[in-house]
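Colleague: Supplied structure: structure14.pdb, PDB, C-alpha atoms.
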ATOM      1  CA  MET A  23     -88.952  28.642-138.074  1.00  0.00           C
ATOM      2  CA  ASN A  24     -88.880  30.460-134.738  1.00  0.00           C
ATOM      3  CA  ALA A  25     -87.808  34.079-135.275  1.00  0.00           C
ATOM      4  CA  ALA A  26     -85.892  34.024-131.996  1.00  0.00           C
ATOM      5  CA  ALA A  27     -83.568  31.370-133.450  1.00  0.00           C
ATOM      6  CA  LEU A  28     -82.408  33.681-136.240  1.00  0.00           C
ATOM      7  CA  PRO A  29     -79.306  35.803-135.613  1.00  0.00           C
ATOM      8  CA  ALA A  30     -79.889  39.435-134.788  1.00  0.00           C
ATOM      9  CA  ARG A  31     -79.191  41.625-137.814  1.00  0.00           C
ATOM     10  CA  GLY A  32     -80.477  44.992-136.698  1.00  0.00           C
ATOM     11  CA  PRO A  33     -77.096  46.570-135.794  1.00  0.00           C
ATOM     12  CA  LEU A  34     -75.460  45.179-138.937  1.00  0.00           C
ATOM     13  CA  ARG A  35     -78.208  46.488-141.196  1.00  0.00           C
ATOM     14  CA  ALA A  36     -78.065  49.860-139.488  1.00  0.00           C
ATOM     15  CA  ALA A  37     -74.292  50.152-139.871  1.00  0.00           C
ATOM     16  CA  TRP A  38     -74.113  48.854-143.452  1.00  0.00           C
ATOM     17  CA  PRO A  39     -75.268  52.104-145.202  1.00  0.00           C
ATOM     18  CA  TRP A  40     -72.793  54.170-143.179  1.00  0.00           C
ATOM     19  CA  LEU A  41     -69.959  51.782-143.931  1.00  0.00           C
ATOM     20  CA  ALA A  42     -70.796  51.755-147.643  1.00  0.00           C
ATOM     21  CA  ALA A  43     -71.015  55.554-147.682  1.00  0.00           C
ATOM     22  CA  ALA A  44     -67.626  55.902-145.978  1.00  0.00           C
ATOM     23  CA  CYS A  45     -65.963  53.482-148.387  1.00  0.00           C
ATOM     24  CA  GLY A  46     -67.618  55.153-151.358  1.00  0.00           C
ATOM     25  CA  ALA A  47     -66.529  58.595-150.215  1.00  0.00           C
ATOM     26  CA  GLY A  48     -62.949  57.432-149.719  1.00  0.00           C
ATOM     27  CA  LEU A  49     -62.855  55.740-153.109  1.00  0.00           C
ATOM     28  CA  LEU A  50     -64.397  58.768-154.814  1.00  0.00           C
ATOM     29  CA  GLY A  51     -61.848  61.078-153.251  1.00  0.00           C
ATOM     30  CA  TRP A  52     -59.066  58.834-154.445  1.00  0.00           C
ATOM     31  CA  LEU A  53     -60.427  58.576-157.974  1.00  0.00           C
ATOM     32  CA  LEU A  54     -60.745  62.352-158.262  1.00  0.00           C
ATOM     33  CA  ASP A  55     -57.082  62.187-159.146  1.00  0.00           C
ATOM     34  CA  ALA A  56     -57.467  62.582-162.908  1.00  0.00           C
ATOM     35  CA  ARG A  57     -54.235  60.809-163.785  1.00  0.00           C
ATOM     36  CA  LEU A  58     -55.037  57.789-161.626  1.00  0.00           C
ATOM     37  CA  THR A  59     -58.557  57.556-163.043  1.00  0.00           C
ATOM     38  CA  ARG A  60     -57.269  57.772-166.599  1.00  0.00           C
ATOM     39  CA  ASP A  61     -54.666  55.070-166.016  1.00  0.00           C
ATOM     40  CA  LEU A  62     -57.212  52.726-164.439  1.00  0.00           C
ATOM     41  CA  LEU A  63     -59.637  53.188-167.324  1.00  0.00           C
ATOM     42  CA  ASP A  64     -56.857  52.537-169.826  1.00  0.00           C
ATOM     43  CA  TRP A  65     -56.002  49.204-168.176  1.00  0.00           C
ATOM     44  CA  LEU A  66     -59.547  47.999-167.473  1.00  0.00           C
ATOM     45  CA  PRO A  67     -59.960  46.143-170.831  1.00  0.00           C
ATOM     46  CA  TYR A  68     -56.691  44.312-170.188  1.00  0.00           C
ATOM     47  CA  LEU A  69     -57.822  43.398-166.672  1.00  0.00           C
ATOM     48  CA  ALA A  70     -61.192  42.256-168.007  1.00  0.00           C
ATOM     49  CA  SER A  71     -59.510  39.924-170.493  1.00  0.00           C
ATOM     50  CA  GLY A  72     -57.623  38.355-167.605  1.00  0.00           C
ATOM     51  CA  PHE A  73     -60.732  37.994-165.467  1.00  0.00           C
ATOM     52  CA  ILE A  74     -62.504  36.138-168.276  1.00  0.00           C
ATOM     53  CA  MET A  75     -59.787  33.505-167.968  1.00  0.00           C
ATOM     54  CA  ASN A  76     -60.487  33.227-164.214  1.00  0.00           C
ATOM     55  CA  VAL A  77     -64.151  32.575-164.968  1.00  0.00           C
ATOM     56  CA  VAL A  78     -63.324  29.995-167.656  1.00  0.00           C
ATOM     57  CA  ILE A  79     -60.902  28.141-165.376  1.00  0.00           C
ATOM     58  CA  SER A  80     -63.342  28.077-162.468  1.00  0.00           C
ATOM     59  CA  VAL A  81     -66.299  26.888-164.572  1.00  0.00           C
ATOM     60  CA  LEU A  82     -64.316  24.091-166.242  1.00  0.00           C
ATOM     61  CA  ALA A  83     -62.645  23.015-162.993  1.00  0.00           C
ATOM     62  CA  LEU A  84     -65.983  22.876-161.185  1.00  0.00           C
ATOM     63  CA  THR A  85     -67.606  20.967-164.047  1.00  0.00           C
ATOM     64  CA  LEU A  86     -64.870  18.333-164.169  1.00  0.00           C
ATOM     65  CA  GLY A  87     -64.614  18.200-160.384  1.00  0.00           C
ATOM     66  CA  THR A  88     -68.362  17.777-159.940  1.00  0.00           C
ATOM     67  CA  LEU A  89     -68.626  14.978-162.488  1.00  0.00           C
ATOM     68  CA  GLY A  90     -65.639  13.147-161.040  1.00  0.00           C
ATOM     69  CA  GLY A  91     -66.669  13.815-157.449  1.00  0.00           C
ATOM     70  CA  VAL A  92     -70.144  12.343-157.845  1.00  0.00           C
ATOM     71  CA  VAL A  93     -68.601   9.145-159.226  1.00  0.00           C
ATOM     72  CA  LEU A  94     -66.018   9.031-156.432  1.00  0.00           C
ATOM     73  CA  GLY A  95     -68.673   9.652-153.778  1.00  0.00           C
ATOM     74  CA  ALA A  96     -70.707   6.724-155.047  1.00  0.00           C
ATOM     75  CA  MET A  97     -67.572   4.567-155.166  1.00  0.00           C
ATOM     76  CA  GLU A  98     -66.840   5.380-151.509  1.00  0.00           C
ATOM     77  CA  LEU A  99     -70.172   3.820-150.560  1.00  0.00           C
ATOM     78  CA  SER A 100     -69.639   0.660-152.597  1.00  0.00           C
ATOM     79  CA  ALA A 101     -69.756  -2.631-150.756  1.00  0.00           C
ATOM     80  CA  ALA A 102     -66.815  -3.898-152.860  1.00  0.00           C
ATOM     81  CA  ARG A 103     -63.492  -3.063-151.261  1.00  0.00           C
ATOM     82  CA  LEU A 104     -61.696  -2.936-154.614  1.00  0.00           C
ATOM     83  CA  VAL A 105     -64.087  -0.194-155.713  1.00  0.00           C
ATOM     84  CA  ARG A 106     -64.215   1.672-152.407  1.00  0.00           C
ATOM     85  CA  ALA A 107     -60.513   1.737-151.487  1.00  0.00           C
ATOM     86  CA  PRO A 108     -59.194   3.740-154.496  1.00  0.00           C
ATOM     87  CA  ALA A 109     -61.908   6.377-154.058  1.00  0.00           C
ATOM     88  CA  VAL A 110     -61.200   6.738-150.336  1.00  0.00           C
ATOM     89  CA  ALA A 111     -57.467   7.026-151.005  1.00  0.00           C
ATOM     90  CA  TYR A 112     -58.034   9.669-153.689  1.00  0.00           C
ATOM     91  CA  VAL A 113     -60.244  11.761-151.433  1.00  0.00           C
ATOM     92  CA  GLN A 114     -57.878  11.578-148.449  1.00  0.00           C
ATOM     93  CA  VAL A 115     -54.842  12.529-150.526  1.00  0.00           C
ATOM     94  CA  PHE A 116     -56.192  15.334-152.689  1.00  0.00           C
ATOM     95  CA  ARG A 117     -58.607  16.865-150.206  1.00  0.00           C
ATOM     96  CA  ASN A 118     -55.592  17.682-148.036  1.00  0.00           C
ATOM     97  CA  ALA A 119     -53.269  18.814-150.840  1.00  0.00           C
ATOM     98  CA  PRO A 120     -52.636  22.575-151.314  1.00  0.00           C
ATOM     99  CA  HIS A 121     -54.152  23.953-154.491  1.00  0.00           C
ATOM    100  CA  LEU A 122     -50.946  25.750-155.422  1.00  0.00           C
ATOM    101  CA  VAL A 123     -48.923  22.534-155.215  1.00  0.00           C
ATOM    102  CA  LEU A 124     -51.404  20.752-157.474  1.00  0.00           C
ATOM    103  CA  ILE A 125     -51.339  23.581-160.026  1.00  0.00           C
ATOM    104  CA  PHE A 126     -47.532  23.450-160.132  1.00  0.00           C
ATOM    105  CA  ALA A 127     -47.637  19.645-160.369  1.00  0.00           C
ATOM    106  CA  THR A 128     -50.055  19.586-163.301  1.00  0.00           C
ATOM    107  CA  THR A 129     -48.112  22.356-165.031  1.00  0.00           C
ATOM    108  CA  TYR A 130     -44.842  20.444-165.029  1.00  0.00           C
ATOM    109  CA  ILE A 131     -46.098  16.844-165.156  1.00  0.00           C
ATOM    110  CA  PHE A 132     -48.211  17.227-168.274  1.00  0.00           C
ATOM    111  CA  PRO A 133     -46.426  17.924-171.582  1.00  0.00           C
ATOM    112  CA  PHE A 134     -46.551  21.235-173.398  1.00  0.00           C
ATOM    113  CA  GLU A 135     -48.093  19.518-176.402  1.00  0.00           C
ATOM    114  CA  ILE A 136     -49.828  16.233-177.114  1.00  0.00           C
ATOM    115  CA  VAL A 137     -49.927  14.070-180.236  1.00  0.00           C
ATOM    116  CA  VAL A 138     -53.365  13.237-181.661  1.00  0.00           C
ATOM    117  CA  ALA A 139     -53.502  11.206-184.894  1.00  0.00           C
ATOM    118  CA  GLY A 140     -50.026  12.346-185.790  1.00  0.00           C
ATOM    119  CA  ASN A 141     -50.821  16.031-185.143  1.00  0.00           C
ATOM    120  CA  TYR A 142     -49.128  18.041-182.420  1.00  0.00           C
ATOM    121  CA  LEU A 143     -51.656  19.972-180.374  1.00  0.00           C
ATOM    122  CA  PRO A 144     -50.650  22.530-177.711  1.00  0.00           C
ATOM    123  CA  PHE A 145     -51.499  21.780-174.092  1.00  0.00           C
ATOM    124  CA  PRO A 146     -51.806  25.322-172.686  1.00  0.00           C
ATOM    125  CA  ASP A 147     -50.973  26.260-169.120  1.00  0.00           C
ATOM    126  CA  TRP A 148     -54.496  27.478-168.414  1.00  0.00           C
ATOM    127  CA  LEU A 149     -55.848  24.000-169.190  1.00  0.00           C
ATOM    128  CA  LYS A 150     -53.287  22.495-166.814  1.00  0.00           C
ATOM    129  CA  ALA A 151     -54.511  24.941-164.159  1.00  0.00           C
ATOM    130  CA  VAL A 152     -58.050  23.670-164.793  1.00  0.00           C
ATOM    131  CA  LEU A 153     -56.878  20.125-164.076  1.00  0.00           C
ATOM    132  CA  GLY A 154     -54.912  21.288-161.037  1.00  0.00           C
ATOM    133  CA  LEU A 155     -58.083  22.743-159.497  1.00  0.00           C
ATOM    134  CA  ALA A 156     -60.425  20.004-160.737  1.00  0.00           C
ATOM    135  CA  ILE A 157     -58.427  17.355-158.862  1.00  0.00           C
ATOM    136  CA  PRO A 158     -59.110  18.754-155.343  1.00  0.00           C
ATOM    137  CA  ALA A 159     -62.602  19.859-156.401  1.00  0.00           C
ATOM    138  CA  ALA A 160     -63.442  16.235-157.192  1.00  0.00           C
ATOM    139  CA  ALA A 161     -62.233  15.182-153.741  1.00  0.00           C
ATOM    140  CA  TYR A 162     -64.403  17.794-152.015  1.00  0.00           C
ATOM    141  CA  VAL A 163     -67.444  17.004-154.162  1.00  0.00           C
ATOM    142  CA  ALA A 164     -66.983  13.307-153.364  1.00  0.00           C
ATOM    143  CA  GLU A 165     -67.311  14.069-149.655  1.00  0.00           C
ATOM    144  CA  ILE A 166     -70.279  16.352-150.279  1.00  0.00           C
ATOM    145  CA  ALA A 167     -71.988  13.632-152.323  1.00  0.00           C
ATOM    146  CA  ARG A 168     -71.154  10.920-149.791  1.00  0.00           C
ATOM    147  CA  GLY A 169     -72.523  12.980-146.912  1.00  0.00           C
ATOM    148  CA  ALA A 170     -75.685  13.819-148.844  1.00  0.00           C
ATOM    149  CA  ILE A 171     -76.260  10.162-149.706  1.00  0.00           C
ATOM    150  CA  LEU A 172     -75.745   9.066-146.106  1.00  0.00           C
ATOM    151  CA  SER A 173     -78.208  11.712-144.934  1.00  0.00           C
ATOM    152  CA  VAL A 174     -81.052   9.917-146.751  1.00  0.00           C
ATOM    153  CA  PRO A 175     -82.860   7.520-144.356  1.00  0.00           C
ATOM    154  CA  THR A 176     -81.846   3.889-144.781  1.00  0.00           C
ATOM    155  CA  THR A 177     -85.522   2.895-144.897  1.00  0.00           C
ATOM    156  CA  GLN A 178     -85.635   4.220-148.455  1.00  0.00           C
ATOM    157  CA  TRP A 179     -82.881   1.816-149.468  1.00  0.00           C
ATOM    158  CA  ASP A 180     -84.838  -1.035-147.883  1.00  0.00           C
ATOM    159  CA  ALA A 181     -88.049   0.003-149.619  1.00  0.00           C
ATOM    160  CA  ALA A 182     -86.306   0.181-153.008  1.00  0.00           C
ATOM    161  CA  LYS A 183     -84.787  -3.238-152.434  1.00  0.00           C
ATOM    162  CA  GLY A 184     -88.215  -4.553-151.551  1.00  0.00           C
ATOM    163  CA  ILE A 185     -89.612  -3.548-154.950  1.00  0.00           C
ATOM    164  CA  GLY A 186     -86.748  -5.215-156.784  1.00  0.00           C
ATOM    165  CA  LEU A 187     -84.445  -2.294-157.549  1.00  0.00           C
ATOM    166  CA  SER A 188     -80.702  -2.904-157.569  1.00  0.00           C
ATOM    167  CA  ARG A 189     -78.348  -0.783-155.486  1.00  0.00           C
ATOM    168  CA  GLY A 190     -77.291   1.168-158.570  1.00  0.00           C
ATOM    169  CA  GLN A 191     -80.877   1.799-159.644  1.00  0.00           C
ATOM    170  CA  THR A 192     -81.811   2.901-156.146  1.00  0.00           C
ATOM    171  CA  LEU A 193     -78.880   5.310-156.058  1.00  0.00           C
ATOM    172  CA  ARG A 194     -79.655   6.749-159.480  1.00  0.00           C
ATOM    173  CA  TRP A 195     -83.424   7.086-159.376  1.00  0.00           C
ATOM    174  CA  ILE A 196     -84.291   7.560-155.697  1.00  0.00           C
ATOM    175  CA  ILE A 197     -81.312   8.680-153.600  1.00  0.00           C
ATOM    176  CA  LEU A 198     -79.415  11.098-155.863  1.00  0.00           C
ATOM    177  CA  PRO A 199     -82.438  13.342-156.664  1.00  0.00           C
ATOM    178  CA  GLN A 200     -82.925  13.875-152.927  1.00  0.00           C
ATOM    179  CA  CYS A 201     -79.219  14.489-152.421  1.00  0.00           C
ATOM    180  CA  LEU A 202     -79.201  17.452-154.803  1.00  0.00           C
ATOM    181  CA  ARG A 203     -81.098  19.638-152.361  1.00  0.00           C
ATOM    182  CA  ARG A 204     -78.793  18.708-149.489  1.00  0.00           C
ATOM    183  CA  ALA A 205     -75.566  19.068-151.481  1.00  0.00           C
ATOM    184  CA  LEU A 206     -76.252  22.368-153.238  1.00  0.00           C
ATOM    185  CA  PRO A 207     -75.262  24.824-150.452  1.00  0.00           C
ATOM    186  CA  PRO A 208     -71.845  23.229-149.698  1.00  0.00           C
ATOM    187  CA  TRP A 209     -71.227  22.853-153.431  1.00  0.00           C
ATOM    188  CA  MET A 210     -71.770  26.571-153.902  1.00  0.00           C
ATOM    189  CA  ASN A 211     -69.295  27.293-151.112  1.00  0.00           C
ATOM    190  CA  LEU A 212     -66.807  25.113-152.981  1.00  0.00           C
ATOM    191  CA  ALA A 213     -67.540  27.056-156.186  1.00  0.00           C
ATOM    192  CA  ALA A 214     -66.583  30.322-154.485  1.00  0.00           C
ATOM    193  CA  SER A 215     -63.412  28.756-153.058  1.00  0.00           C
ATOM    194  CA  ILE A 216     -62.313  27.349-156.429  1.00  0.00           C
ATOM    195  CA  THR A 217     -63.016  30.685-158.121  1.00  0.00           C
ATOM    196  CA  MET A 218     -60.754  32.516-155.687  1.00  0.00           C
ATOM    197  CA  SER A 219     -58.073  29.851-156.126  1.00  0.00           C
ATOM    198  CA  THR A 220     -57.897  30.595-159.852  1.00  0.00           C
ATOM    199  CA  ALA A 221     -55.676  33.546-158.971  1.00  0.00           C
ATOM    200  CA  LEU A 222     -52.941  31.008-158.175  1.00  0.00           C
ATOM    201  CA  ALA A 223     -52.704  30.249-161.903  1.00  0.00           C
ATOM    202  CA  SER A 224     -50.816  33.519-162.332  1.00  0.00           C
ATOM    203  CA  LEU A 225     -47.817  31.878-160.633  1.00  0.00           C
ATOM    204  CA  VAL A 226     -47.425  29.449-163.542  1.00  0.00           C
ATOM    205  CA  GLY A 227     -47.725  32.112-166.218  1.00  0.00           C
ATOM    206  CA  VAL A 228     -51.434  31.982-167.002  1.00  0.00           C
ATOM    207  CA  HIS A 229     -52.804  35.323-168.177  1.00  0.00           C
ATOM    208  CA  GLU A 230     -55.594  35.857-165.675  1.00  0.00           C
ATOM    209  CA  LEU A 231     -56.683  38.816-163.563  1.00  0.00           C
ATOM    210  CA  LEU A 232     -53.838  38.828-161.034  1.00  0.00           C
ATOM    211  CA  HIS A 233     -51.271  38.323-163.795  1.00  0.00           C
ATOM    212  CA  ALA A 234     -52.813  41.218-165.737  1.00  0.00           C
ATOM    213  CA  ALA A 235     -52.741  43.423-162.624  1.00  0.00           C
ATOM    214  CA  THR A 236     -49.051  42.642-162.108  1.00  0.00           C
ATOM    215  CA  ASP A 237     -48.338  43.563-165.729  1.00  0.00           C
ATOM    216  CA  ALA A 238     -50.179  46.852-165.285  1.00  0.00           C
ATOM    217  CA  SER A 239     -48.386  47.663-162.035  1.00  0.00           C
ATOM    218  CA  THR A 240     -44.991  46.905-163.612  1.00  0.00           C
ATOM    219  CA  ALA A 241     -45.756  49.074-166.643  1.00  0.00           C
ATOM    220  CA  VAL A 242     -47.016  52.151-164.768  1.00  0.00           C
ATOM    221  CA  ARG A 243     -44.660  51.948-161.750  1.00  0.00           C
ATOM    222  CA  ARG A 244     -46.529  54.269-159.384  1.00  0.00           C
ATOM    223  CA  ASP A 245     -47.447  53.407-155.820  1.00  0.00           C
ATOM    224  CA  ASP A 246     -50.942  54.894-155.988  1.00  0.00           C
ATOM    225  CA  PHE A 247     -51.689  52.993-159.194  1.00  0.00           C
ATOM    226  CA  THR A 248     -50.339  49.720-157.747  1.00  0.00           C
ATOM    227  CA  VAL A 249     -52.610  50.018-154.726  1.00  0.00           C
ATOM    228  CA  ALA A 250     -55.585  50.956-156.919  1.00  0.00           C
ATOM    229  CA  ILE A 251     -55.015  48.126-159.392  1.00  0.00           C
ATOM    230  CA  TYR A 252     -54.863  45.440-156.688  1.00  0.00           C
ATOM    231  CA  LEU A 253     -57.934  46.886-155.007  1.00  0.00           C
ATOM    232  CA  THR A 254     -59.627  46.539-158.380  1.00  0.00           C
ATOM    233  CA  VAL A 255     -58.620  42.861-158.435  1.00  0.00           C
ATOM    234  CA  LEU A 256     -60.056  42.432-154.945  1.00  0.00           C
ATOM    235  CA  LEU A 257     -63.276  44.167-155.976  1.00  0.00           C
ATOM    236  CA  ALA A 258     -63.654  41.987-159.087  1.00  0.00           C
ATOM    237  CA  PHE A 259     -63.399  38.758-157.088  1.00  0.00           C
ATOM    238  CA  PHE A 260     -65.721  40.141-154.426  1.00  0.00           C
ATOM    239  CA  LEU A 261     -68.382  41.107-156.969  1.00  0.00           C
ATOM    240  CA  PHE A 262     -68.161  37.644-158.509  1.00  0.00           C
ATOM    241  CA  CYS A 263     -68.107  35.578-155.306  1.00  0.00           C
ATOM    242  CA  TYR A 264     -70.358  37.629-153.004  1.00  0.00           C
ATOM    243  CA  PRO A 265     -73.584  36.798-154.901  1.00  0.00           C
ATOM    244  CA  ILE A 266     -72.639  33.114-154.653  1.00  0.00           C
ATOM    245  CA  SER A 267     -72.204  33.502-150.901  1.00  0.00           C
ATOM    246  CA  ARG A 268     -75.536  35.289-150.519  1.00  0.00           C
ATOM    247  CA  LEU A 269     -77.348  32.708-152.616  1.00  0.00           C
ATOM    248  CA  THR A 270     -75.761  29.939-150.546  1.00  0.00           C
ATOM    249  CA  ARG A 271     -77.021  31.430-147.288  1.00  0.00           C
ATOM    250  CA  ARG A 272     -80.489  31.892-148.745  1.00  0.00           C
ATOM    251  CA  LEU A 273     -80.605  28.274-149.877  1.00  0.00           C
ATOM    252  CA  GLU A 274     -79.394  27.083-146.474  1.00  0.00           C
ATOM    253  CA  ARG A 275     -82.175  29.005-144.718  1.00  0.00           C
ATOM    254  CA  ARG A 276     -84.795  27.780-147.167  1.00  0.00           C
ATOM    255  CA  LEU A 277     -83.728  24.155-146.980  1.00  0.00           C
ATOM    256  CA  ALA A 278     -83.504  24.310-143.184  1.00  0.00           C
ATOM    257  CA  THR A 279     -87.239  25.035-142.982  1.00  0.00           C
ATOM    258  CA  ARG A 280     -88.170  21.946-145.027  1.00  0.00           C
TER     259      ARG A 280
END
Would it be possible to restate this file's structure as structure tokens?
Modeller:
Amino acid sequence: MNAAALPARGPLRAAWPWLAAACGAGLLGWLLDARLTRDLLDWLPYLASGFIMNVVISVLALTLGTLGGVVLGAMELSAARLVRAPAVAYVQVFRNAPHLVLIFATTYIFPFEIVVAGNYLPFPDWLKAVLGLAIPAAAYVAEIARGAILSVPTTQWDAAKGIGLSRGQTLRWIILPQCLRRALPPWMNLAASITMSTALASLVGVHELLHAATDASTAVRRDDFTVAIYLTVLLAFFLFCYPISRLTRRLERRLATR
């Protein structure tokens, strides 16, 4: 790749150490308050237990959304209208639906417990939040998969047909392996977005990081602690999502040279 085509990063790299030093100095000065430091350390295990729930929700929502989205993306490309139309309708509806609305909808639509073989099993709110985020994730993954499939040259479909492969076999064995490389960067962007959206689960009573921070702020009732606790929440999400963002950009640059 031509070096002139890459964005200039000299000023940013030069300013980054000074910016980090200024932020670190400000944070250190703030944390020198012994009482504030002690309170934050006391609440960190409680915050960590909430953040584990954020990670669990995001991983499950992305897993379900990816599996469903790949199927929906393939359905959108079907030649049969009865197969294609429901997938297109699903994607158009749920790709444009707010995540918060879907979380509230799944929370109140699904029952609080389900009956399995005569046994009553609880249906926890965190699992409903997983479904609420998996629904739009599937719609986004469907579009990612559809775009990746369409990016493969049509000559490969013709060649597969010429050797006797069906459309399904061509999609499974030839097209989809190539699509993985094209779909990975936008999928990782979606992963970061879904992870940040897990904070919305606090509004339906799920004990996650933001909910834990609100509990801590309510218990301590000091302005400096409230600011510090929400900055801690911000830092936790940043430390989790920033590596995903960096890896995404690296993959995009690597794949662009191939």
Colleague: Evaluate the PyMOL selection byres ((chain A and resi 206-218) around 10) here and jot the selected residues down as a ChimeraX atom specification.
Modeller: /A:76-81,83-85,88,121,155-156,158-159,162-163,166-167,170,201-205,219-222,256,259-260,262-267,269-275,277
Colleague: Out of A:Ala127, A:Val113, A:Ala119, A:Val242, which residue has the shortest atom-to-atom distance to A:Glu98 when counting only C-alpha atoms?
Modeller: A:Val113
Colleague: Atom CA of A:Pro120 and atom CA of A:Gly154, how far apart in Å?
Modeller: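 The value is 10.1 Å.
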Colleague: Counting all atoms listed in the file, which of A:Val123, A:Ile196, A:Leu86, A:Ala111 gets nearest to A:Ala182?
Modeller: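 Of A:Val123, A:Ile196, A:Leu86, A:Ala111, the one nearest A:Ala182 is A:Ile196, counting all atoms listed in the file.
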Colleague: Of the candidates A:Leu193, A:Ile185, A:Val138, A:Ile125, which shows the shortest atom-to-atom distance to A:Leu99, using all atoms listed in the file?
Modeller: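 Going through A:Leu193, A:Ile185, A:Val138, A:Ile125 one by one, the smallest distance to A:Leu99 is for A:Leu193.
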Colleague: Name the residues that the PyMOL selection byres ((chain A and resi 129) around 8) picks from the file above, as a CSV table (one decimal) with C-alpha atoms, keeping the file's coordinate frame, using the file's chain letters and numbers.
Modeller:
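What ended up in out_35.csv:
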chain,number,residue,atom,x,y,z
A,125,ILE,CA,-51.3,23.6,-160.0
A,126,PHE,CA,-47.5,23.4,-160.1
A,127,ALA,CA,-47.6,19.6,-160.4
A,128,THR,CA,-50.1,19.6,-163.3
A,130,TYR,CA,-44.8,20.4,-165.0
A,131,ILE,CA,-46.1,16.8,-165.2
A,132,PHE,CA,-48.2,17.2,-168.3
A,147,ASP,CA,-51.0,26.3,-169.1
A,150,LYS,CA,-53.3,22.5,-166.8
A,151,ALA,CA,-54.5,24.9,-164.2
A,154,GLY,CA,-54.9,21.3,-161.0
A,226,VAL,CA,-47.4,29.4,-163.5
Colleague: How many Å lie between atom CA of A:Pro175 and atom CA of A:Val92, rounded to one decimal?
Modeller: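 Atom CA of A:Val92 lies at a distance of 19.2 Å from atom CA of A:Pro175.
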